[in-house]
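Text of model-v3.csv, listed as CSV, C-alpha atoms and all ligand atoms:
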```csv
chain,number,residue,atom,x,y,z
A,1,MET,CA,94.5,105.4,97.1
A,2,ARG,CA,93.7,108.0,99.7
A,3,LEU,CA,96.6,108.6,102.1
A,4,ASN,CA,95.7,110.2,105.5
A,5,ILE,CA,98.9,111.7,106.7
A,6,GLY,CA,99.4,113.6,109.9
A,7,VAL,CA,102.1,116.2,109.5
A,8,ILE,CA,104.2,117.6,112.3
A,9,LYS,CA,106.3,120.3,110.7
A,10,GLY,CA,108.1,121.1,114.0
A,11,ASP,CA,110.7,123.7,114.8
A,12,GLY,CA,113.9,125.1,113.3
A,13,ILE,CA,114.4,123.8,109.7
A,14,GLY,CA,111.4,121.4,110.3
A,15,PRO,CA,108.8,123.5,108.3
A,16,GLU,CA,111.2,124.0,105.4
A,17,ILE,CA,112.2,120.3,105.0
A,18,VAL,CA,108.7,119.0,105.6
A,19,THR,CA,107.2,121.3,103.0
A,20,GLU,CA,109.6,119.9,100.4
A,21,ALA,CA,108.7,116.3,101.4
A,22,MET,CA,104.9,117.1,101.0
A,23,LYS,CA,105.7,118.6,97.6
A,24,VAL,CA,107.3,115.3,96.6
A,25,LEU,CA,104.5,113.3,98.0
A,26,ASP,CA,102.0,115.4,96.0
A,27,LYS,CA,104.0,114.8,92.9
A,28,VAL,CA,104.0,111.1,93.5
A,29,GLY,CA,100.3,111.2,94.0
A,30,GLU,CA,99.8,113.0,90.7
A,31,VAL,CA,102.0,110.6,88.8
A,32,PHE,CA,100.7,107.4,90.4
A,33,GLY,CA,97.1,108.4,91.0
A,34,HIS,CA,96.9,108.8,94.8
A,35,GLU,CA,95.5,111.5,96.9
A,36,CYS,CA,97.5,112.8,99.9
A,37,CYS,CA,95.3,114.4,102.6
A,38,TYR,CA,97.3,116.1,105.3
A,39,THR,CA,96.3,117.0,108.9
A,40,GLN,CA,98.6,119.6,110.4
A,41,LEU,CA,99.7,118.7,114.0
A,42,LEU,CA,101.5,120.9,116.4
A,43,MET,CA,104.3,119.4,118.5
A,44,GLY,CA,107.5,120.6,120.3
A,45,GLY,CA,108.3,124.3,120.5
A,46,ALA,CA,105.6,125.2,118.0
A,47,SER,CA,103.0,123.6,120.3
A,48,ILE,CA,104.5,125.3,123.4
A,49,ASP,CA,104.0,128.6,121.7
A,50,VAL,CA,100.3,128.0,121.0
A,51,ASN,CA,99.2,125.5,123.8
A,52,GLY,CA,101.8,126.0,126.5
A,53,VAL,CA,102.7,122.2,126.3
A,54,PRO,CA,104.8,120.3,123.7
A,55,LEU,CA,102.0,117.8,122.9
A,56,THR,CA,98.3,117.9,123.6
A,57,ASP,CA,95.9,115.0,124.0
A,58,GLU,CA,94.0,116.3,120.9
A,59,THR,CA,97.2,116.1,118.8
A,60,ILE,CA,97.8,112.5,120.0
A,61,GLU,CA,94.2,111.6,119.0
A,62,LEU,CA,94.6,113.2,115.6
A,63,ALA,CA,97.9,111.4,115.1
A,64,LYS,CA,96.3,108.1,116.1
A,65,GLY,CA,93.5,108.8,113.5
A,66,SER,CA,96.1,109.2,110.7
A,67,ASP,CA,97.5,106.3,108.6
A,68,ALA,CA,101.0,107.6,109.3
A,69,VAL,CA,102.7,110.7,110.6
A,70,LEU,CA,105.4,112.6,108.7
A,71,MET,CA,107.5,114.8,111.0
A,72,GLY,CA,110.3,117.4,110.7
A,73,SER,CA,112.4,117.9,113.8
A,74,ILE,CA,111.6,119.6,117.0
A,75,GLY,CA,113.6,121.6,119.5
A,76,GLY,CA,115.5,124.8,119.5
A,77,ASP,CA,118.8,126.2,120.7
A,78,ALA,CA,119.1,125.1,124.3
A,79,LYS,CA,121.2,128.2,125.2
A,80,THR,CA,118.9,130.9,123.8
A,81,SER,CA,115.4,129.5,123.3
A,82,PRO,CA,112.8,130.3,126.1
A,83,TRP,CA,111.5,126.7,125.7
A,84,TYR,CA,114.5,125.5,127.7
A,85,GLN,CA,113.6,127.8,130.7
A,86,LEU,CA,110.6,125.4,131.2
A,87,GLU,CA,110.9,122.3,133.4
A,88,PRO,CA,112.1,119.2,131.5
A,89,SER,CA,108.6,117.7,131.2
A,90,LYS,CA,107.4,120.8,129.3
A,91,ARG,CA,110.3,121.2,126.9
A,92,PRO,CA,110.0,120.3,123.2
A,93,GLU,CA,111.7,116.9,123.4
A,94,ALA,CA,109.2,115.7,126.0
A,95,GLY,CA,106.6,115.8,123.3
A,96,LEU,CA,108.7,113.5,121.2
A,97,LEU,CA,109.1,110.9,123.9
A,98,LYS,CA,105.4,111.1,124.8
A,99,ILE,CA,104.2,110.6,121.2
A,100,ARG,CA,106.5,107.6,120.7
A,101,LYS,CA,105.1,106.0,123.9
A,102,GLU,CA,101.5,106.9,123.2
A,103,LEU,CA,101.7,105.4,119.7
A,104,ASN,CA,103.6,102.3,121.0
A,105,LEU,CA,106.4,102.7,118.4
A,106,PHE,CA,108.6,99.7,119.3
A,107,ALA,CA,110.5,99.3,116.1
A,108,ASN,CA,113.0,102.0,114.9
A,109,LEU,CA,114.4,101.8,111.4
A,110,ARG,CA,117.4,103.8,110.3
A,111,PRO,CA,118.7,103.1,106.8
A,112,ALA,CA,122.4,103.9,106.2
A,113,VAL,CA,123.1,104.2,102.5
A,114,LEU,CA,126.3,105.3,100.8
A,115,TYR,CA,125.3,106.9,97.5
A,116,ASP,CA,127.7,106.4,94.6
A,117,ASP,CA,127.9,110.2,94.1
A,118,LEU,CA,128.6,111.0,97.8
A,119,LYS,CA,131.4,108.5,98.3
A,120,GLU,CA,133.8,111.3,99.0
A,121,ALA,CA,131.8,112.2,102.2
A,122,CYS,CA,132.4,108.7,103.6
A,123,PRO,CA,135.1,108.8,106.3
A,124,LEU,CA,136.2,105.2,105.6
A,125,LYS,CA,139.1,104.1,103.4
A,126,ALA,CA,138.5,104.7,99.7
A,127,GLU,CA,138.7,100.9,99.0
A,128,ILE,CA,136.0,100.2,101.6
A,129,ALA,CA,133.8,103.1,100.4
A,130,ALA,CA,134.2,101.9,96.8
A,131,LYS,CA,132.2,98.8,97.6
A,132,GLY,CA,129.3,101.0,98.8
A,133,PHE,CA,126.7,99.9,101.3
A,134,ASP,CA,122.9,99.9,101.9
A,135,MET,CA,121.8,98.7,105.2
A,136,MET,CA,118.8,99.0,107.5
A,137,ILE,CA,119.4,99.2,111.3
A,138,MET,CA,116.3,97.9,113.1
A,139,ARG,CA,116.4,98.8,116.8
A,140,GLU,CA,113.9,97.7,119.5
A,141,LEU,CA,112.8,101.0,121.0
A,142,THR,CA,110.5,100.4,124.0
A,143,GLY,CA,112.3,97.7,126.0
A,144,GLY,CA,115.6,96.7,127.5
A,145,LEU,CA,118.0,98.7,129.6
A,146,TYR,CA,116.5,102.1,128.9
A,147,PHE,CA,113.1,101.0,130.3
A,148,GLY,CA,114.2,98.8,133.2
A,149,GLN,CA,114.2,99.6,136.9
A,150,ARG,CA,117.1,101.7,138.1
A,151,LYS,CA,118.4,102.8,141.4
A,152,THR,CA,121.6,104.2,143.1
A,153,VAL,CA,122.1,103.1,146.7
A,154,GLU,CA,124.9,102.8,149.2
A,155,VAL,CA,126.0,99.2,149.7
A,156,ASP,CA,128.4,98.7,152.6
A,157,GLY,CA,129.4,102.3,152.4
A,158,VAL,CA,130.0,102.2,148.6
A,159,MET,CA,127.7,104.0,146.2
A,160,THR,CA,126.3,101.4,143.8
A,161,ALA,CA,124.1,101.9,140.7
A,162,TYR,CA,121.8,99.3,139.2
A,163,ASP,CA,120.1,99.3,135.8
A,164,GLU,CA,117.9,96.4,134.9
A,165,LEU,CA,118.0,94.9,131.4
A,166,THR,CA,114.9,92.8,130.7
A,167,TYR,CA,113.3,91.4,127.5
A,168,ASN,CA,110.5,89.0,127.3
A,169,GLU,CA,110.0,86.6,124.4
A,170,ASN,CA,106.9,88.6,123.1
A,171,GLU,CA,108.9,91.8,122.8
A,172,ILE,CA,111.7,90.0,120.9
A,173,ARG,CA,109.3,88.1,118.6
A,174,ARG,CA,107.4,91.2,117.5
A,175,ILE,CA,110.5,93.1,116.5
A,176,ALA,CA,112.1,90.0,114.9
A,177,LYS,CA,109.0,89.5,112.7
A,178,ARG,CA,109.2,93.1,111.7
A,179,GLY,CA,112.9,92.7,110.8
A,180,PHE,CA,112.3,89.6,108.7
A,181,ASP,CA,109.3,91.3,107.0
A,182,ILE,CA,111.5,94.2,106.1
A,183,ALA,CA,114.3,91.9,104.9
A,184,MET,CA,111.7,90.3,102.5
A,185,LYS,CA,111.3,93.7,100.9
A,186,ARG,CA,115.1,94.0,100.6
A,187,ARG,CA,118.1,91.7,100.0
A,188,LYS,CA,116.7,89.0,102.3
A,189,LYS,CA,119.5,88.9,104.9
A,190,VAL,CA,119.1,89.5,108.6
A,191,THR,CA,122.1,90.0,110.9
A,192,SER,CA,120.8,89.7,114.5
A,193,VAL,CA,123.2,91.4,116.9
A,194,ASP,CA,123.5,90.4,120.6
A,195,LYS,CA,125.9,89.6,123.3
A,196,ALA,CA,124.8,86.0,123.8
A,197,ASN,CA,128.3,84.9,125.1
A,198,VAL,CA,127.6,86.9,128.3
A,199,LEU,CA,123.9,88.1,128.7
A,200,ASP,CA,120.9,86.0,129.4
A,201,SER,CA,118.7,88.6,127.7
A,202,SER,CA,120.8,88.1,124.5
A,203,ARG,CA,120.5,84.3,124.7
A,204,LEU,CA,116.8,84.6,124.8
A,205,TRP,CA,117.0,87.1,122.0
A,206,ARG,CA,119.0,84.7,119.8
A,207,LYS,CA,116.6,81.8,120.6
A,208,VAL,CA,113.5,83.7,119.7
A,209,VAL,CA,115.0,85.2,116.6
A,210,GLU,CA,116.0,81.8,115.4
A,211,GLU,CA,112.4,80.5,116.0
A,212,VAL,CA,111.0,83.5,113.9
A,213,ALA,CA,113.6,82.8,111.2
A,214,ALA,CA,112.1,79.3,110.6
A,215,ASP,CA,109.0,81.1,109.3
A,216,TYR,CA,111.1,83.0,106.7
A,217,PRO,CA,112.9,80.3,104.7
A,218,ASP,CA,113.9,82.8,102.0
A,219,VAL,CA,115.8,85.0,104.5
A,220,THR,CA,119.3,84.2,105.6
A,221,LEU,CA,119.9,84.7,109.3
A,222,GLU,CA,123.3,85.4,110.7
A,223,ASN,CA,124.0,86.0,114.5
A,224,MET,CA,126.8,88.4,115.3
A,225,LEU,CA,128.1,89.6,118.7
A,226,VAL,CA,127.7,93.4,119.2
A,227,ASP,CA,131.5,94.0,119.6
A,228,ASN,CA,132.2,92.3,116.3
A,229,CYS,CA,129.4,94.2,114.6
A,230,ALA,CA,130.8,97.5,115.7
A,231,MET,CA,134.1,96.5,114.0
A,232,GLN,CA,132.5,95.0,110.9
A,233,LEU,CA,130.6,98.3,110.3
A,234,VAL,CA,133.8,100.1,109.7
A,235,LYS,CA,135.7,97.1,108.2
A,236,ASP,CA,133.1,95.9,105.6
A,237,PRO,CA,129.7,97.6,105.9
A,238,SER,CA,128.7,96.2,102.5
A,239,GLN,CA,128.1,92.8,104.1
A,240,PHE,CA,124.9,94.1,105.9
A,241,ASP,CA,121.3,94.2,104.8
A,242,VAL,CA,119.0,94.3,107.9
A,243,ILE,CA,120.7,94.6,111.3
A,244,LEU,CA,118.3,93.5,114.0
A,245,THR,CA,119.1,94.4,117.5
A,246,GLU,CA,117.9,95.5,121.0
A,247,ASN,CA,117.5,99.0,122.3
A,248,MET,CA,121.0,100.0,123.6
A,249,PHE,CA,123.0,98.1,121.0
A,250,GLY,CA,120.8,99.7,118.3
A,251,ASP,CA,121.2,103.1,119.8
A,252,ILE,CA,125.0,102.9,119.5
A,253,LEU,CA,125.2,100.9,116.2
A,254,SER,CA,122.7,103.1,114.3
A,255,ASP,CA,124.8,106.2,115.2
A,256,GLU,CA,127.9,104.5,114.0
A,257,ALA,CA,126.3,103.4,110.8
A,258,SER,CA,125.0,106.9,110.1
A,259,MET,CA,128.4,108.4,110.7
A,260,VAL,CA,130.0,106.2,108.1
A,261,THR,CA,127.7,107.7,105.5
A,262,GLY,CA,129.2,111.1,106.3
A,263,SER,CA,126.1,113.2,105.6
A,264,ILE,CA,123.5,113.9,108.3
A,265,GLY,CA,121.1,115.7,105.9
A,266,MET,CA,120.6,112.4,104.0
A,267,LEU,CA,119.5,110.1,106.9
A,268,ALA,CA,115.9,109.0,107.1
A,269,SER,CA,114.2,107.1,109.9
A,270,ALA,CA,110.9,105.5,110.8
A,271,SER,CA,109.4,104.2,114.0
A,272,LEU,CA,106.6,101.6,113.7
A,273,ASN,CA,104.1,100.0,115.9
A,274,GLU,CA,102.3,96.6,115.5
A,275,THR,CA,99.9,97.9,112.8
A,276,LYS,CA,100.9,99.6,109.6
A,277,PHE,CA,101.1,102.9,111.4
A,278,GLY,CA,104.5,104.7,111.6
A,279,LEU,CA,106.1,108.0,112.5
A,280,TYR,CA,108.6,109.1,109.8
A,281,GLU,CA,111.3,111.7,110.4
A,282,PRO,CA,114.8,112.7,109.5
A,283,SER,CA,117.5,111.4,111.9
A,284,GLY,CA,119.0,114.9,112.3
A,285,GLY,CA,117.7,117.6,114.6
A,286,SER,CA,116.1,121.0,114.0
A,287,ALA,CA,119.4,122.7,113.1
A,288,PRO,CA,118.5,126.1,114.6
A,289,ASP,CA,121.8,127.4,113.3
A,290,ILE,CA,120.5,127.3,109.7
A,291,ALA,CA,116.7,127.6,110.2
A,292,GLY,CA,115.0,130.1,107.9
A,293,LYS,CA,117.9,130.4,105.5
A,294,GLY,CA,116.6,128.2,102.8
A,295,ILE,CA,119.7,126.0,102.8
A,296,ALA,CA,118.8,122.9,104.8
A,297,ASN,CA,119.0,119.6,103.0
A,298,PRO,CA,115.4,118.2,102.7
A,299,ILE,CA,116.6,114.8,101.3
A,300,ALA,CA,116.4,112.9,104.7
A,301,THR,CA,112.8,114.0,105.1
A,302,ILE,CA,112.0,113.2,101.5
A,303,LEU,CA,113.5,109.7,102.0
A,304,SER,CA,111.5,109.4,105.2
A,305,ALA,CA,108.4,110.0,103.1
A,306,ALA,CA,109.5,107.2,100.8
A,307,MET,CA,109.8,104.9,103.8
A,308,MET,CA,106.3,105.9,104.8
A,309,LEU,CA,105.0,104.9,101.3
A,310,ARG,CA,106.8,101.6,101.5
A,311,PHE,CA,106.1,100.5,105.1
A,312,SER,CA,102.7,102.2,106.0
A,313,PHE,CA,101.0,102.0,102.6
A,314,ASP,CA,102.9,99.2,100.8
A,315,LEU,CA,103.5,101.5,97.9
A,316,ASP,CA,106.8,100.0,97.0
A,317,LYS,CA,106.9,101.3,93.4
A,318,GLU,CA,106.2,104.9,94.5
A,319,ALA,CA,108.9,104.6,97.2
A,320,ASP,CA,111.3,103.3,94.6
A,321,ALA,CA,110.4,106.3,92.4
A,322,ILE,CA,111.4,108.8,95.1
A,323,GLU,CA,114.7,107.0,95.9
A,324,ALA,CA,115.5,106.8,92.2
A,325,ALA,CA,114.8,110.6,91.8
A,326,VAL,CA,117.1,111.3,94.8
A,327,SER,CA,119.9,109.2,93.2
A,328,LYS,CA,119.4,111.0,89.9
A,329,VAL,CA,119.6,114.5,91.4
A,330,LEU,CA,122.8,113.5,93.1
A,331,LYS,CA,124.2,112.0,89.9
A,332,ASP,CA,123.4,115.2,88.0
A,333,GLY,CA,125.5,117.1,90.5
A,334,PHE,CA,122.9,119.0,92.5
A,335,ARG,CA,123.8,119.5,96.1
A,336,THR,CA,122.7,121.4,99.2
A,337,ILE,CA,125.4,123.2,101.1
A,338,ASP,CA,126.0,120.4,103.6
A,339,ILE,CA,126.9,117.8,100.9
A,340,MET,CA,128.5,120.3,98.4
A,341,SER,CA,131.8,119.4,96.8
A,342,GLU,CA,133.9,120.8,94.0
A,343,GLY,CA,132.5,120.5,90.5
A,344,ASN,CA,128.8,120.3,91.6
A,345,THR,CA,126.0,122.8,91.6
A,346,GLN,CA,124.8,124.2,94.9
A,347,ILE,CA,121.1,124.7,95.3
A,348,GLY,CA,118.7,125.6,98.2
A,349,THR,CA,116.1,123.6,100.1
A,350,CYS,CA,113.2,124.5,97.8
A,351,GLU,CA,115.1,124.0,94.6
A,352,MET,CA,116.2,120.5,95.8
A,353,GLY,CA,112.5,119.7,96.4
A,354,ASP,CA,111.6,120.9,92.9
A,355,LYS,CA,114.5,119.0,91.3
A,356,ILE,CA,113.4,115.7,93.0
A,357,CYS,CA,109.8,116.3,91.9
A,358,SER,CA,110.9,116.8,88.3
A,359,TYR,CA,112.6,113.4,88.3
A,360,ILE,CA,109.6,111.5,89.7
A,361,SER,CA,108.3,109.1,87.0
A,362,ILE,CA,106.7,105.7,86.7
A,401,LIG,P1,121.2,119.0,114.6
A,401,LIG,O1,121.1,117.6,113.9
A,401,LIG,O2,120.0,119.8,114.6
A,401,LIG,O3,122.4,119.8,113.9
A,401,LIG,C1,123.7,119.3,113.9
A,401,LIG,C2,124.5,119.9,112.7
A,401,LIG,O4,124.0,119.3,111.5
A,401,LIG,C3,124.2,121.4,112.6
A,401,LIG,O5,125.4,122.1,112.1
A,401,LIG,C4,123.1,121.5,111.5
A,401,LIG,O6,123.1,122.7,110.8
A,401,LIG,C5,123.4,120.3,110.6
A,401,LIG,N1,122.2,119.7,110.0
A,401,LIG,C6,121.3,119.0,110.6
A,401,LIG,N2,120.3,118.7,109.8
A,401,LIG,C7,120.6,119.3,108.6
A,401,LIG,C8,120.0,119.3,107.3
A,401,LIG,N3,118.8,118.7,107.1
A,401,LIG,N4,120.6,120.0,106.3
A,401,LIG,C9,121.8,120.6,106.6
A,401,LIG,N5,122.4,120.6,107.7
A,401,LIG,C10,121.9,119.9,108.8
A,401,LIG,O7,121.7,118.7,116.1
A,401,LIG,P2,121.8,119.7,117.4
A,401,LIG,O8,122.3,121.0,116.9
A,401,LIG,O9,122.5,118.9,118.4
A,401,LIG,O10,120.3,119.9,117.9
A,401,LIG,C11,119.5,121.0,117.5
A,401,LIG,C12,118.1,120.8,118.1
A,401,LIG,O11,117.4,119.6,117.5
A,401,LIG,C13,118.1,120.5,119.6
A,401,LIG,O12,117.0,121.2,120.2
A,401,LIG,C14,117.9,119.0,119.7
A,401,LIG,O13,117.3,118.6,120.9
A,401,LIG,C15,116.9,118.8,118.6
A,401,LIG,N6,116.9,117.4,118.0
A,401,LIG,C16,115.7,116.9,117.6
A,401,LIG,C17,115.6,115.7,117.1
A,401,LIG,C18,114.2,115.2,116.7
A,401,LIG,O14,113.4,116.0,116.5
A,401,LIG,N7,114.1,113.9,116.5
A,401,LIG,C19,116.8,114.9,116.9
A,401,LIG,C20,118.0,115.4,117.3
A,401,LIG,C21,118.1,116.7,117.9
```
Written as structure tokens, how would this file's structure read?
Amino acid sequence: MRLNIGVIKGDGIGPEIVTEAMKVLDKVGEVFGHECCYTQLLMGGASIDVNGVPLTDETIELAKGSDAVLMGSIGGDAKTSPWYQLEPSKRPEAGLLKIRKELNLFANLRPAVLYDDLKEACPLKAEIAAKGFDMMIMRELTGGLYFGQRKTVEVDGVMTAYDELTYNENEIRRIAKRGFDIAMKRRKKVTSVDKANVLDSSRLWRKVVEEVAADYPDVTLENMLVDNCAMQLVKDPSQFDVILTENMFGDILSDEASMVTGSIGMLASASLNETKFGLYEPSGGSAPDIAGKGIANPIATILSAAMMLRFSFDLDKEADAIEAAVSKVLKDGFRTIDIMSEGNTQIGTCEMGDKICSYISI
């Protein structure tokens, strides 16, 4: 299979971690008989330096012409970088918001996995960590409170702010279908999170999700209130497979779920649209504090590349091979500095990429 992949290396540690992910993709191509064709795209600070803007129309078109886009991270140190002297619409992050909108990326996926060999990094009680967890937070990304009308006005002499929370049934149905499709590739359980005891938007959310569930008889659906879900994530995260939720609840819960894994350099993410197209990137930022030192953890980006193979190309075996290689590297005690602990072997960004490549097999 020929894989047309747009690559945004980005800023800070971006080029270092994306290079390792490309190395792993090439190795997968060699072992499984695929050809990875890359188109380099400029975005964020790297694009400002060359084009004066964080994202050009040409880059958007090239991204749209790819089957999927693999991205590092963008942005610099807000205190010292000249990019932050520019007006907000010209700063690196504006490129990120624009590309998400232009590509209509409405479904955000963030896996939170506790690896057996990284259990000591988990901030939860040992008996909870011992059970492990492997969940996928699926967040609606283009609707809800963050995209509603907002205003601040004076009402009877009192300053009053309004934020509108709207969802229509089509927006809910398309993300719910995506959630159930993804559950079918996993342990076949969806926990739909809402606040249906209070909000109309949540009552519609629950109704539509239940309708979609009827088309997926193999998947178990559970409805959970968001306040309970926030508690369950720290009480017993092992109960979750796919957590399906709206924009703001997902924003908060996905950060909570990532924190309980304890290691930012391990967290992959994907944003998908209605086709097979997706944008795949690590959850962390561009880490300007460690850029260029060769010590950044490339695993989140490598796992994002595995998600790309699974969700944009339906190459599940190839994605499994990357995930298995990552687990084996950790089991064999190889660690970048951010996840280093006593008794293990510390290695750099490039060596981590090489080790993972060496463990890729059919
Ligand atoms: P950050 O995630 O870049 O860094 C936070 C801490 O985690 C730092 O100590 C960093 O060294 C460490 N870290 C992050 N990724 C790591 C990795 N792969 N390996 C080892 N250590 C890692 O967050 P920040 O410092 O708040 O932001 C820095 C820049 O990144 C800002 O310009 C911000 O806007 C941008 N940012 C971009 C994205 C994105 O591109 N999607 C997301 C978040 C932040």
Restrict the calculation to all atoms listed in the file, then for each residue of chain A with any atom at most 7 Å from an atom of ligand LIG 401 (chain A) give the closest atom pair and their distance in Å to one decimal, rows by chain and rising residue number, as a Markdown table.
```
| residue | atom | partner | partner_atom | distance |
| --- | --- | --- | --- | --- |
| A:Gly72 | CA | A:LIG401 | O14 | 6.7 |
| A:Ser73 | CA | A:LIG401 | O14 | 3.4 |
| A:Ile74 | CA | A:LIG401 | O14 | 4.1 |
| A:Gly75 | CA | A:LIG401 | O12 | 3.5 |
| A:Gly76 | CA | A:LIG401 | O12 | 4.0 |
| A:Asp77 | CA | A:LIG401 | O12 | 5.3 |
| A:Ala78 | CA | A:LIG401 | O12 | 6.0 |
| A:Glu93 | CA | A:LIG401 | O13 | 6.4 |
| A:Ile264 | CA | A:LIG401 | N2 | 6.0 |
| A:Gly265 | CA | A:LIG401 | N3 | 4.0 |
| A:Ser283 | CA | A:LIG401 | C19 | 6.1 |
| A:Gly284 | CA | A:LIG401 | O1 | 3.8 |
| A:Gly285 | CA | A:LIG401 | O2 | 3.2 |
| A:Ser286 | CA | A:LIG401 | O11 | 4.0 |
| A:Ala287 | CA | A:LIG401 | O2 | 3.3 |
| A:Pro288 | CA | A:LIG401 | C11 | 6.0 |
| A:Asp289 | CA | A:LIG401 | O6 | 5.5 |
| A:Ile290 | CA | A:LIG401 | O6 | 5.4 |
| A:Ile295 | CA | A:LIG401 | C9 | 6.9 |
| A:Ala296 | CA | A:LIG401 | N4 | 3.7 |
| A:Asn297 | CA | A:LIG401 | N4 | 3.7 |
| A:Pro298 | CA | A:LIG401 | N3 | 5.6 |
| A:Ala300 | CA | A:LIG401 | N3 | 6.7 |
| A:Asp338 | CA | A:LIG401 | C9 | 5.2 |
```
Give me, please, the distance in Å between atom CA of A:Gly148 and atom CA of A:Glu164, quoted to one decimal. 4.7 Å
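Using all atoms listed in the file, the smallest distance between any of A:Met266, A:Ile137, A:Ala230, A:Ile339 and A:Glu120 comes from A:Ile339.
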Point-to-point distance from atom CA of A:Asn223 to atom CA of A:Glu210, Å rounded to tenths: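 Atom CA of A:Asn223 sits 9.1 Å away from atom CA of A:Glu210.
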Using all atoms listed in the file, which of A:Ser327, A:Asn51, A:Ser258, A:Thr39 sits nearest A:Gly6?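 For A:Gly6, the nearest of the given residues is A:Thr39.
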With all atoms listed in the file as the basis for distance, which of A:Met43, A:Ala305, A:Leu221, A:Met136 is at the shortest distance from A:Leu109?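 Ranking A:Met43, A:Ala305, A:Leu221, A:Met136 by distance to A:Leu109, first place goes to A:Met136.
Note that the spacing between atom CA of A:Ala214 and atom CA of A:Gly143 amounts to 24.0 Å.
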Excluding A:Ser89 and its own-chain neighbours fewer than 2 positions away, which residues fall within 12 Å of it when counting only C-alpha atoms? Please give them as a ChimeraX atom specification. /A:44,48,52-55,83-87,91-98
A:Gly65 environment, 12 Å, all atoms listed in the file, sequence neighbours closer than 6 positions dropped, as an NGL selection string: :A and (3-6 or 38-39 or 41 or 58-59 or 103 or 277-278)
Could you write those residues out with C-alpha atoms, as a PDB file, keeping the file's coordinate frame?
```
ATOM      1  CA  LEU A   3      96.600 108.600 102.100  1.00  0.00           C
ATOM      2  CA  ASN A   4      95.700 110.200 105.500  1.00  0.00           C
ATOM      3  CA  ILE A   5      98.900 111.700 106.700  1.00  0.00           C
ATOM      4  CA  GLY A   6      99.400 113.600 109.900  1.00  0.00           C
ATOM      5  CA  TYR A  38      97.300 116.100 105.300  1.00  0.00           C
ATOM      6  CA  THR A  39      96.300 117.000 108.900  1.00  0.00           C
ATOM      7  CA  LEU A  41      99.700 118.700 114.000  1.00  0.00           C
ATOM      8  CA  GLU A  58      94.000 116.300 120.900  1.00  0.00           C
ATOM      9  CA  THR A  59      97.200 116.100 118.800  1.00  0.00           C
ATOM     10  CA  LEU A 103     101.700 105.400 119.700  1.00  0.00           C
ATOM     11  CA  PHE A 277     101.100 102.900 111.400  1.00  0.00           C
ATOM     12  CA  GLY A 278     104.500 104.700 111.600  1.00  0.00           C
TER      13      GLY A 278
END
```
With 9 Å as the cut-off and all atoms listed in the file counted, what is the closest atom pair between each nearby residue of stretch 250-338 of chain A and stretch 16-36 of chain A? Distances in Å to one decimal, ordered by chain and number, as JSON lines.
```
{"residue": "A:Ala291", "atom": "CA", "partner": "A:Glu16", "partner_atom": "CA", "distance": 8.1}
{"residue": "A:Gly292", "atom": "CA", "partner": "A:Glu16", "partner_atom": "CA", "distance": 7.6}
{"residue": "A:Gly294", "atom": "CA", "partner": "A:Glu16", "partner_atom": "CA", "distance": 7.3}
{"residue": "A:Ala296", "atom": "CA", "partner": "A:Ile17", "partner_atom": "CA", "distance": 7.1}
{"residue": "A:Asn297", "atom": "CA", "partner": "A:Ile17", "partner_atom": "CA", "distance": 7.1}
{"residue": "A:Pro298", "atom": "CA", "partner": "A:Ile17", "partner_atom": "CA", "distance": 4.5}
{"residue": "A:Ile299", "atom": "CA", "partner": "A:Ile17", "partner_atom": "CA", "distance": 8.0}
{"residue": "A:Ala300", "atom": "CA", "partner": "A:Ile17", "partner_atom": "CA", "distance": 8.5}
{"residue": "A:Thr301", "atom": "CA", "partner": "A:Ala21", "partner_atom": "CA", "distance": 6.0}
{"residue": "A:Ile302", "atom": "CA", "partner": "A:Ala21", "partner_atom": "CA", "distance": 4.5}
{"residue": "A:Leu303", "atom": "CA", "partner": "A:Ala21", "partner_atom": "CA", "distance": 8.2}
{"residue": "A:Ser304", "atom": "CA", "partner": "A:Ala21", "partner_atom": "CA", "distance": 8.4}
{"residue": "A:Ala305", "atom": "CA", "partner": "A:Ala21", "partner_atom": "CA", "distance": 6.5}
{"residue": "A:Ala306", "atom": "CA", "partner": "A:Leu25", "partner_atom": "CA", "distance": 8.4}
{"residue": "A:Glu318", "atom": "CA", "partner": "A:Val28", "partner_atom": "CA", "distance": 6.7}
{"residue": "A:Ala319", "atom": "CA", "partner": "A:Val28", "partner_atom": "CA", "distance": 8.9}
{"residue": "A:Ala321", "atom": "CA", "partner": "A:Val28", "partner_atom": "CA", "distance": 8.1}
{"residue": "A:Ile322", "atom": "CA", "partner": "A:Val24", "partner_atom": "CA", "distance": 7.8}
```
Taking only C-alpha atoms into account, name the residue in A:Glu351, A:Arg150, A:Ile360, A:Val198 that is nearest to A:Tyr162.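 Once distances to A:Tyr162 are computed over only C-alpha atoms, the minimum belongs to A:Arg150.
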Between A:Gly348, A:Pro111, A:Gly353, A:Pro123, single out the one closest to A:Ala270, counting all atoms listed in the file.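 Among the listed residues, the smallest separation from A:Ala270 belongs to A:Pro111.
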Go through A:Pro237, A:Pro88, A:Gly157, A:Pro82 and flag the residue nearest A:Phe133, using all atoms listed in the file for the distances. A:Pro237
